[in-house]
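Report on the structure given below.
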Amino acid sequence: MYSANLAAHPRLSSNRSRIQQQIVVPLSSFADQLHAAILQKGAPCCIGLDPRPQWLPKSLRERIRLRPTRASIAGAIVEFHEKIIDCIAPLVPAIKPQLAFFEQLGAPGVDAYERLVEQAHRLGILVIADAKRGDIGPTAEAYAHSFLGGVEFEGTDVSPPAADCLTINPFFGTDGVEPFLAACKQSNRGLYILVRTSNPSSKEFQLSQNPADSLSVKLARAVDAWGSTFINENGYSSIGAVVGATHAKELAEFRRLMPRTPFLLPGYGAQGGKADDIVDAFDTKGLGGLVVAARSVNFAYRRGNEEDSDWRGAIEHAAREMVVDVTKALRRAGKWNP
């Protein structure tokens with residue numbers, strides 16, 4: 001059903017068998033792992049996982065209706081997203097589970113998230129926990145350890161499955177960020193810190209009449225400083241910035257302010273961001289950015305008459321289309337030469 005010619009991306013046809021045979025060897029930092037994975041997969045792309053029970057394929061919704069509980073919904077979510085992860089494993093280097101969609105189901109939802117983290121790691125996919133946590137002192141430490149590892153009891157590690165990277169909110173300032181930086185230093189994991197979010201009303205607080213004095217610019221300078229001791233061999237830090245793909249005209253300035261910072265670029269696809277909008281986030285090797293799509297891939301089968309028979313094919317096709325679209329745009333801009 002989904003047989004469009006996507007040969008413009010030569011690695012896609014051979015990636016599946018290679019990834020399945022691959023033994024993943026951890027590298028020294030999140031930035032190392034991220035950029036090695038981007039070059040290996042040939043795609044600076046990330047698929048967001050935003051579980052929406054009411055949008056699941058018909059067969060899974062009907063199963064939930066037989067016994068509609070948090071546990072049954074979480075079970076369907078795991079089954080659905082395990083198949084998504086299996087489809088996209090040869091294509092993209094990372095997934096980004098949005099924690100709110102899991103946590104709304106309580107303990108079964110958190111268990112579902114942890115199971116998907118473990119599956120992604122088995123298949124060699126990096127996990128960015130999109131939790132946007134923020135606080136100070138022991139509370140910030142607890143948030144950091146719960147997602148990045150380091151939960152102990154009398155010397156025994158009792159950590160839940162750790163993500164490779166966590167999104168955080170820097171509203172509390174340096175006091176609130178330092179516990180997360182310390183956890184990253186200890187665990188060789190990473191952060192993406194909110195700088196310029198993709199939603200339309202972000203301009204209410206993140207921008208100002210004097211651009212040089214805007215909150216986003218102040219945050220960009222802070223992120224560059226916080227990440228200065230996390231630089232890898234490619235010249236990038238493990239401390240990244242969330243910068244919306246919906247703000248194309250601002251990306252060049254943010255790249256100037258944060259030359260060593262990897263950007264997480266949400267807003268591609270359903271939110272209106274286009275591939276040509278994000279090219280200023282990247283260097284000439286195709287590094288420095290990770291473009292995120294969620295709904296437009298997860299629920300691609302809903303575009304037409306919701307066909308239950310080949311929803312996995314629709315999702316894989318949408319992921320392939322995204323990879324081709326993004327890499328073509330970067331080639332046109334002279335910024336894709338992996």
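In the structure tokens, chains take the letters A, B, ... in the order shown, each chain's residues start at 1, and ligands count up from 1 in the order shown.
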
### Query
What's the 9 Å shell around A:Lys274, counting only C-alpha atoms, without same-chain residues fewer than 4 positions away, as a PyMOL selection string?
chain A and resi 245-246+248+267-269+278+325-326

### Message
Using DSSP assignments from the backbone, pull out every residue in stretch 190-277 of chain A that falls under strand (DSSP E) and give it to me as a count of residues only.
### Response
15

### Message
What parts of stretch 15-115 of chain A does DSSP call alpha helix (DSSP H)? I'd like the answer as a ChimeraX atom specification.
### Response
/A:15-21,30-41,58-66,70-88,99-103,107-115

### Task
Could you give me, as a list in words, the residues within 9 Å of stretch 216-225 of chain A, counting only C-alpha atoms and dropping anything in the same chain fewer than 5 positions from it?
Pro170, Thr174, Ile193, Leu194, Val195, Arg196, Phe205, Gln206, Leu207, Pro211, Ser237, Ile239, Gly240, Ala241, Phe254, Leu257, Met258, Pro259, Arg260 and Thr261 of chain A

Select from stretch 114-181 of chain A every residue with an atom at most 8 Å from any atom of stretch 96-101 of chain A, then for each give the shortest pair of atoms and their distance in Å to one decimal, using only C-alpha atoms, rows by chain and rising number, as CSV.
residue,atom,partner,partner_atom,distance
A:Val127,CA,A:Lys96,CA,6.0
A:Ile128,CA,A:Lys96,CA,4.7
A:Ala129,CA,A:Pro97,CA,5.6
A:Asp130,CA,A:Gln98,CA,4.8
A:Ala131,CA,A:Leu99,CA,5.3

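If you measure from each of A:Ile84, A:Ala37, A:Glu250, A:Gly75 to A:Gly313 using only C-alpha atoms, the closest one turns out to be A:Ile84.
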
### Query
Near A:Asp111, within 12 Å and counting only C-alpha atoms, which residues show up once chain neighbours fewer than 4 positions away are dropped, as a ChimeraX atom specification?
/A:70-71,73-75,77-78,99,102-107,115-118,160-161

Restrict the selected residues to N, CA and C atoms and save them as a PDB file, in the first residue's frame.
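Output saved as out-v8.pdb:
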ATOM      1  N   ARG A  70      -7.310   1.901  33.262  1.00  0.00           N
ATOM      2  CA  ARG A  70      -6.000   2.489  32.984  1.00  0.00           C
ATOM      3  C   ARG A  70      -5.017   1.422  32.515  1.00  0.00           C
ATOM      4  N   ALA A  71      -5.100   0.250  33.112  1.00  0.00           N
ATOM      5  CA  ALA A  71      -4.175  -0.821  32.743  1.00  0.00           C
ATOM      6  C   ALA A  71      -4.402  -1.289  31.312  1.00  0.00           C
ATOM      7  N   ILE A  73      -5.728   0.435  28.835  1.00  0.00           N
ATOM      8  CA  ILE A  73      -5.296   1.497  27.926  1.00  0.00           C
ATOM      9  C   ILE A  73      -3.766   1.503  27.825  1.00  0.00           C
ATOM     10  N   ALA A  74      -3.088   1.398  28.961  1.00  0.00           N
ATOM     11  CA  ALA A  74      -1.622   1.375  28.952  1.00  0.00           C
ATOM     12  C   ALA A  74      -1.098   0.182  28.163  1.00  0.00           C
ATOM     13  N   GLY A  75      -1.763  -0.970  28.288  1.00  0.00           N
ATOM     14  CA  GLY A  75      -1.340  -2.143  27.527  1.00  0.00           C
ATOM     15  C   GLY A  75      -1.461  -1.922  26.031  1.00  0.00           C
ATOM     16  N   ILE A  77      -1.377   0.994  24.544  1.00  0.00           N
ATOM     17  CA  ILE A  77      -0.368   1.984  24.194  1.00  0.00           C
ATOM     18  C   ILE A  77       0.997   1.322  23.996  1.00  0.00           C
ATOM     19  N   VAL A  78       1.340   0.390  24.892  1.00  0.00           N
ATOM     20  CA  VAL A  78       2.610  -0.319  24.743  1.00  0.00           C
ATOM     21  C   VAL A  78       2.632  -1.095  23.433  1.00  0.00           C
ATOM     22  N   LEU A  99       6.003  12.725  28.365  1.00  0.00           N
ATOM     23  CA  LEU A  99       5.632  12.064  29.616  1.00  0.00           C
ATOM     24  C   LEU A  99       4.201  12.338  30.045  1.00  0.00           C
ATOM     25  N   PHE A 102       1.740   9.662  29.177  1.00  0.00           N
ATOM     26  CA  PHE A 102       1.896   8.422  29.938  1.00  0.00           C
ATOM     27  C   PHE A 102       1.436   8.619  31.377  1.00  0.00           C
ATOM     28  N   GLU A 103       1.829   9.724  31.981  1.00  0.00           N
ATOM     29  CA  GLU A 103       1.551   9.947  33.399  1.00  0.00           C
ATOM     30  C   GLU A 103       0.064  10.139  33.686  1.00  0.00           C
ATOM     31  N   GLN A 104      -0.713  10.543  32.693  1.00  0.00           N
ATOM     32  CA  GLN A 104      -2.140  10.719  32.943  1.00  0.00           C
ATOM     33  C   GLN A 104      -2.831   9.394  33.258  1.00  0.00           C
ATOM     34  N   LEU A 105      -2.155   8.287  32.977  1.00  0.00           N
ATOM     35  CA  LEU A 105      -2.701   6.965  33.286  1.00  0.00           C
ATOM     36  C   LEU A 105      -2.169   6.414  34.607  1.00  0.00           C
ATOM     37  N   GLY A 106      -1.445   7.243  35.364  1.00  0.00           N
ATOM     38  CA  GLY A 106      -0.934   6.796  36.644  1.00  0.00           C
ATOM     39  C   GLY A 106       0.144   5.735  36.500  1.00  0.00           C
ATOM     40  N   ALA A 107       0.217   4.835  37.466  1.00  0.00           N
ATOM     41  CA  ALA A 107       1.271   3.826  37.499  1.00  0.00           C
ATOM     42  C   ALA A 107       1.322   2.972  36.227  1.00  0.00           C
ATOM     43  N   ARG A 115       8.736   0.542  29.800  1.00  0.00           N
ATOM     44  CA  ARG A 115       8.864  -0.594  28.874  1.00  0.00           C
ATOM     45  C   ARG A 115       9.312  -0.134  27.500  1.00  0.00           C
ATOM     46  N   LEU A 116       8.826   1.029  27.060  1.00  0.00           N
ATOM     47  CA  LEU A 116       9.205   1.541  25.745  1.00  0.00           C
ATOM     48  C   LEU A 116      10.642   2.046  25.734  1.00  0.00           C
ATOM     49  N   VAL A 117      11.103   2.617  26.854  1.00  0.00           N
ATOM     50  CA  VAL A 117      12.507   3.004  26.972  1.00  0.00           C
ATOM     51  C   VAL A 117      13.395   1.771  26.789  1.00  0.00           C
ATOM     52  N   GLU A 118      13.045   0.688  27.457  1.00  0.00           N
ATOM     53  CA  GLU A 118      13.848  -0.528  27.365  1.00  0.00           C
ATOM     54  C   GLU A 118      13.849  -1.089  25.951  1.00  0.00           C
ATOM     55  N   PRO A 160      14.965   3.491  37.828  1.00  0.00           N
ATOM     56  CA  PRO A 160      14.141   3.004  36.726  1.00  0.00           C
ATOM     57  C   PRO A 160      14.930   3.087  35.426  1.00  0.00           C
ATOM     58  N   PRO A 161      14.439   2.496  34.337  1.00  0.00           N
ATOM     59  CA  PRO A 161      15.146   2.603  33.056  1.00  0.00           C
ATOM     60  C   PRO A 161      15.407   4.067  32.707  1.00  0.00           C
TER      61      PRO A 161
END

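Each of A:Gly190, A:Lys249, A:Met322, A:Gly137 was compared to A:Pro262 using only C-alpha atoms, and A:Gly190 turns out to be the nearest.
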
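Atom to atom, atom CA of A:Leu126 and atom CA of A:Phe30 stand 9.0 Å apart.
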
### A:Phe263, A:Phe282, A:Tyr113, A:Tyr143 ranked by distance to A:Arg331, top pick (using only C-alpha atoms)
A:Phe282

### Task
Check the smallest atom-to-atom distance from each of A:His145, A:Lys83, A:Arg67, A:Arg52 to A:Glu316 using only C-alpha atoms, then report the winner.
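Among the listed residues, A:Lys83 lies closest to A:Glu316.
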
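Minimum atom-to-atom distance to A:Phe172, evaluated using only C-alpha atoms, belongs to A:Asp135 out of A:Glu79, A:Glu154, A:Asp86, A:Asp135.
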
Residues at most 12 Å from A:Ala270, counting only C-alpha atoms, excluding those fewer than 3 positions away in the same chain, as a PDB file with N, CA and C atoms, in the first residue's frame?
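Printed below is around-v7.pdb as written:
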ATOM      1  N   GLY A  48       8.450  11.777  17.983  1.00  0.00           N
ATOM      2  CA  GLY A  48       7.826  11.949  19.278  1.00  0.00           C
ATOM      3  C   GLY A  48       6.737  10.920  19.497  1.00  0.00           C
ATOM      4  N   SER A 198       7.831  26.116  20.484  1.00  0.00           N
ATOM      5  CA  SER A 198       7.225  26.166  19.159  1.00  0.00           C
ATOM      6  C   SER A 198       5.804  26.726  19.134  1.00  0.00           C
ATOM      7  N   ASN A 199       5.154  26.857  20.291  1.00  0.00           N
ATOM      8  CA  ASN A 199       3.746  27.272  20.320  1.00  0.00           C
ATOM      9  C   ASN A 199       3.587  28.759  20.002  1.00  0.00           C
ATOM     10  N   ALA A 245      10.899  24.554  15.525  1.00  0.00           N
ATOM     11  CA  ALA A 245      11.041  24.594  14.069  1.00  0.00           C
ATOM     12  C   ALA A 245      10.090  25.591  13.426  1.00  0.00           C
ATOM     13  N   THR A 246       9.157  26.108  14.206  1.00  0.00           N
ATOM     14  CA  THR A 246       8.190  27.087  13.705  1.00  0.00           C
ATOM     15  C   THR A 246       8.750  28.513  13.717  1.00  0.00           C
ATOM     16  N   PRO A 266      11.250  20.889  17.714  1.00  0.00           N
ATOM     17  CA  PRO A 266       9.861  20.443  17.599  1.00  0.00           C
ATOM     18  C   PRO A 266       9.065  21.397  16.714  1.00  0.00           C
ATOM     19  N   GLY A 267       7.934  20.912  16.231  1.00  0.00           N
ATOM     20  CA  GLY A 267       7.053  21.767  15.438  1.00  0.00           C
ATOM     21  C   GLY A 267       6.993  21.418  13.976  1.00  0.00           C
ATOM     22  N   GLY A 273       5.698  23.462  10.943  1.00  0.00           N
ATOM     23  CA  GLY A 273       7.093  23.663  10.569  1.00  0.00           C
ATOM     24  C   GLY A 273       7.437  22.878   9.306  1.00  0.00           C
ATOM     25  N   LYS A 274       8.222  23.500   8.433  1.00  0.00           N
ATOM     26  CA  LYS A 274       8.635  22.871   7.175  1.00  0.00           C
ATOM     27  C   LYS A 274      10.128  22.546   7.214  1.00  0.00           C
ATOM     28  N   VAL A 292      11.915  17.099  15.081  1.00  0.00           N
ATOM     29  CA  VAL A 292      10.935  16.227  15.738  1.00  0.00           C
ATOM     30  C   VAL A 292       9.601  16.280  15.025  1.00  0.00           C
ATOM     31  N   ALA A 293       9.038  15.111  14.774  1.00  0.00           N
ATOM     32  CA  ALA A 293       7.645  14.972  14.339  1.00  0.00           C
ATOM     33  C   ALA A 293       6.970  13.953  15.242  1.00  0.00           C
ATOM     34  N   ALA A 294       5.735  14.188  15.581  1.00  0.00           N
ATOM     35  CA  ALA A 294       5.012  13.253  16.447  1.00  0.00           C
ATOM     36  C   ALA A 294       3.708  12.837  15.782  1.00  0.00           C
ATOM     37  N   ARG A 295       2.663  13.653  15.905  1.00  0.00           N
ATOM     38  CA  ARG A 295       1.349  13.284  15.376  1.00  0.00           C
ATOM     39  C   ARG A 295       1.383  12.927  13.893  1.00  0.00           C
ATOM     40  N   SER A 296       2.147  13.678  13.111  1.00  0.00           N
ATOM     41  CA  SER A 296       2.139  13.460  11.661  1.00  0.00           C
ATOM     42  C   SER A 296       2.700  12.102  11.284  1.00  0.00           C
ATOM     43  N   VAL A 297       3.481  11.478  12.188  1.00  0.00           N
ATOM     44  CA  VAL A 297       3.999  10.131  11.946  1.00  0.00           C
ATOM     45  C   VAL A 297       3.193   9.102  12.724  1.00  0.00           C
ATOM     46  N   ASN A 298       3.032   9.308  14.030  1.00  0.00           N
ATOM     47  CA  ASN A 298       2.327   8.331  14.881  1.00  0.00           C
ATOM     48  C   ASN A 298       0.951   7.974  14.340  1.00  0.00           C
ATOM     49  N   PHE A 299       0.255   8.979  13.851  1.00  0.00           N
ATOM     50  CA  PHE A 299      -1.139   8.774  13.465  1.00  0.00           C
ATOM     51  C   PHE A 299      -1.347   9.041  11.978  1.00  0.00           C
ATOM     52  N   ALA A 300      -0.327   8.685  11.183  1.00  0.00           N
ATOM     53  CA  ALA A 300      -0.397   8.910   9.738  1.00  0.00           C
ATOM     54  C   ALA A 300      -1.558   8.157   9.105  1.00  0.00           C
ATOM     55  N   ARG A 303      -5.008   9.910   8.193  1.00  0.00           N
ATOM     56  CA  ARG A 303      -5.129  10.959   7.179  1.00  0.00           C
ATOM     57  C   ARG A 303      -6.283  10.708   6.226  1.00  0.00           C
ATOM     58  N   MET A 322       9.441  11.796   6.050  1.00  0.00           N
ATOM     59  CA  MET A 322      10.055  12.848   6.856  1.00  0.00           C
ATOM     60  C   MET A 322      11.567  12.874   6.657  1.00  0.00           C
TER      61      MET A 322
END

### Query
Separation of atom CA of A:Leu166 and atom CA of A:Glu321, in Å?
26.7 Å

#### Entry: Exercise: A:Leu34 partners within 12 Å, only C-alpha atoms, chain neighbours under 5 positions left out, as a ChimeraX atom specification
/A:26-29,39-46,92-95,124-128,164-165,188-191,232,234,236-240,262-264,287-290

Just N, CA and C atoms for this one: save the residues we selected as a CSV table (one decimal), in the first residue's frame.
chain,number,residue,atom,x,y,z
A,26,PRO,N,28.1,1.8,24.0
A,26,PRO,CA,27.9,3.2,24.5
A,26,PRO,C,29.2,4.1,24.3
A,27,LEU,N,29.0,5.3,23.9
A,27,LEU,CA,30.1,6.2,23.7
A,27,LEU,C,30.2,7.1,25.0
A,28,SER,N,31.1,8.1,24.9
A,28,SER,CA,31.4,8.8,26.2
A,28,SER,C,30.5,9.8,26.6
A,29,SER,N,29.6,10.3,25.7
A,29,SER,CA,28.6,11.4,26.1
A,29,SER,C,27.4,11.3,25.3
A,39,LEU,N,24.7,10.2,12.0
A,39,LEU,CA,25.5,9.8,10.8
A,39,LEU,C,25.2,8.4,10.4
A,40,GLN,N,25.1,7.5,11.4
A,40,GLN,CA,24.8,6.1,11.0
A,40,GLN,C,23.5,5.9,10.4
A,41,LYS,N,22.4,6.5,10.9
A,41,LYS,CA,21.1,6.3,10.3
A,41,LYS,C,20.9,7.2,9.1
A,42,GLY,N,21.7,8.2,8.9
A,42,GLY,CA,21.6,9.1,7.8
A,42,GLY,C,20.3,10.0,7.9
A,43,ALA,N,20.0,10.4,9.2
A,43,ALA,CA,18.8,11.2,9.4
A,43,ALA,C,18.8,11.9,10.7
A,44,PRO,N,18.8,13.3,10.6
A,44,PRO,CA,18.8,14.1,11.9
A,44,PRO,C,17.3,14.2,12.3
A,45,CYS,N,16.6,13.1,12.5
A,45,CYS,CA,15.2,13.1,12.8
A,45,CYS,C,14.9,12.4,14.1
A,46,CYS,N,13.8,12.8,14.7
A,46,CYS,CA,13.3,12.2,15.9
A,46,CYS,C,11.8,12.0,15.9
A,92,VAL,N,15.5,6.3,12.1
A,92,VAL,CA,15.8,7.5,12.9
A,92,VAL,C,16.7,7.2,14.1
A,93,PRO,N,17.4,8.2,14.6
A,93,PRO,CA,18.3,7.9,15.8
A,93,PRO,C,17.7,8.0,17.1
A,94,ALA,N,16.5,8.6,17.2
A,94,ALA,CA,15.9,8.9,18.5
A,94,ALA,C,14.4,9.0,18.5
A,95,ILE,N,13.9,8.7,19.7
A,95,ILE,CA,12.4,8.9,20.0
A,95,ILE,C,12.3,9.9,21.1
A,124,GLY,N,18.7,0.0,19.8
A,124,GLY,CA,19.8,1.0,19.5
A,124,GLY,C,19.2,2.4,19.2
A,125,ILE,N,18.1,2.8,19.8
A,125,ILE,CA,17.5,4.1,19.6
A,125,ILE,C,17.7,4.9,20.9
A,126,LEU,N,18.1,6.1,20.7
A,126,LEU,CA,18.2,7.0,21.8
A,126,LEU,C,16.9,7.5,22.3
A,127,VAL,N,16.7,7.7,23.6
A,127,VAL,CA,15.5,8.2,24.2
A,127,VAL,C,15.6,9.5,24.8
A,128,ILE,N,14.8,10.5,24.3
A,128,ILE,CA,14.7,11.8,24.9
A,128,ILE,C,13.4,11.9,25.7
A,164,ASP,N,18.2,8.8,27.7
A,164,ASP,CA,19.6,9.3,27.3
A,164,ASP,C,19.6,10.8,27.5
A,165,CYS,N,18.5,11.4,27.5
A,165,CYS,CA,18.4,12.9,27.6
A,165,CYS,C,17.1,13.3,28.2
A,188,ASN,N,26.9,10.6,32.0
A,188,ASN,CA,27.2,10.8,30.6
A,188,ASN,C,25.9,10.9,29.7
A,189,ARG,N,24.9,11.5,30.3
A,189,ARG,CA,23.6,11.8,29.6
A,189,ARG,C,23.5,13.2,29.3
A,190,GLY,N,22.4,13.6,28.7
A,190,GLY,CA,22.2,15.0,28.2
A,190,GLY,C,20.9,15.7,28.6
A,191,LEU,N,20.9,16.9,28.3
A,191,LEU,CA,19.7,17.8,28.5
A,191,LEU,C,19.3,18.5,27.2
A,232,ASN,N,32.0,17.7,23.0
A,232,ASN,CA,32.5,16.5,22.5
A,232,ASN,C,33.5,16.7,21.4
A,234,ASN,N,33.1,16.4,18.2
A,234,ASN,CA,32.6,17.1,17.1
A,234,ASN,C,32.3,18.6,17.4
A,236,TYR,N,30.4,19.8,19.8
A,236,TYR,CA,29.0,20.1,20.4
A,236,TYR,C,29.0,19.6,21.8
A,237,SER,N,28.1,20.3,22.5
A,237,SER,CA,27.9,20.0,24.0
A,237,SER,C,26.8,18.9,24.1
A,238,SER,N,26.8,18.2,25.2
A,238,SER,CA,25.6,17.4,25.6
A,238,SER,C,24.5,18.1,26.2
A,239,ILE,N,24.7,19.4,26.4
A,239,ILE,CA,23.6,20.3,26.9
A,239,ILE,C,23.0,21.1,25.7
A,240,GLY,N,21.8,20.7,25.3
A,240,GLY,CA,21.2,21.2,24.2
A,240,GLY,C,20.1,22.2,24.5
A,262,PRO,N,23.5,21.5,20.6
A,262,PRO,CA,22.6,20.8,19.7
A,262,PRO,C,21.2,21.3,19.9
A,263,PHE,N,20.4,21.5,18.9
A,263,PHE,CA,19.1,22.0,18.9
A,263,PHE,C,18.1,20.8,18.8
A,264,LEU,N,17.1,20.8,19.7
A,264,LEU,CA,15.9,19.9,19.5
A,264,LEU,C,14.9,20.8,18.8
A,287,LEU,N,25.0,18.2,11.2
A,287,LEU,CA,25.0,18.0,12.7
A,287,LEU,C,24.5,19.3,13.3
A,288,GLY,N,24.1,19.2,14.6
A,288,GLY,CA,23.7,20.3,15.3
A,288,GLY,C,22.2,20.4,15.6
A,289,GLY,N,21.4,19.6,14.9
A,289,GLY,CA,20.0,19.7,15.0
A,289,GLY,C,19.3,18.4,15.0
A,290,LEU,N,18.1,18.3,15.6
A,290,LEU,CA,17.3,17.0,15.6
A,290,LEU,C,15.9,17.5,15.4

### Query
Which value, in Å to one decimal, gives the distance between atom CA of A:Thr69 and atom CA of A:Glu82?
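Atom CA of A:Glu82 lies 19.9 Å from atom CA of A:Thr69.
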
#### Entry: A:Ala333 environment, 12 Å, only C-alpha atoms, sequence neighbours closer than 6 positions dropped, as a ChimeraX atom specification
/A:275-286,326-327
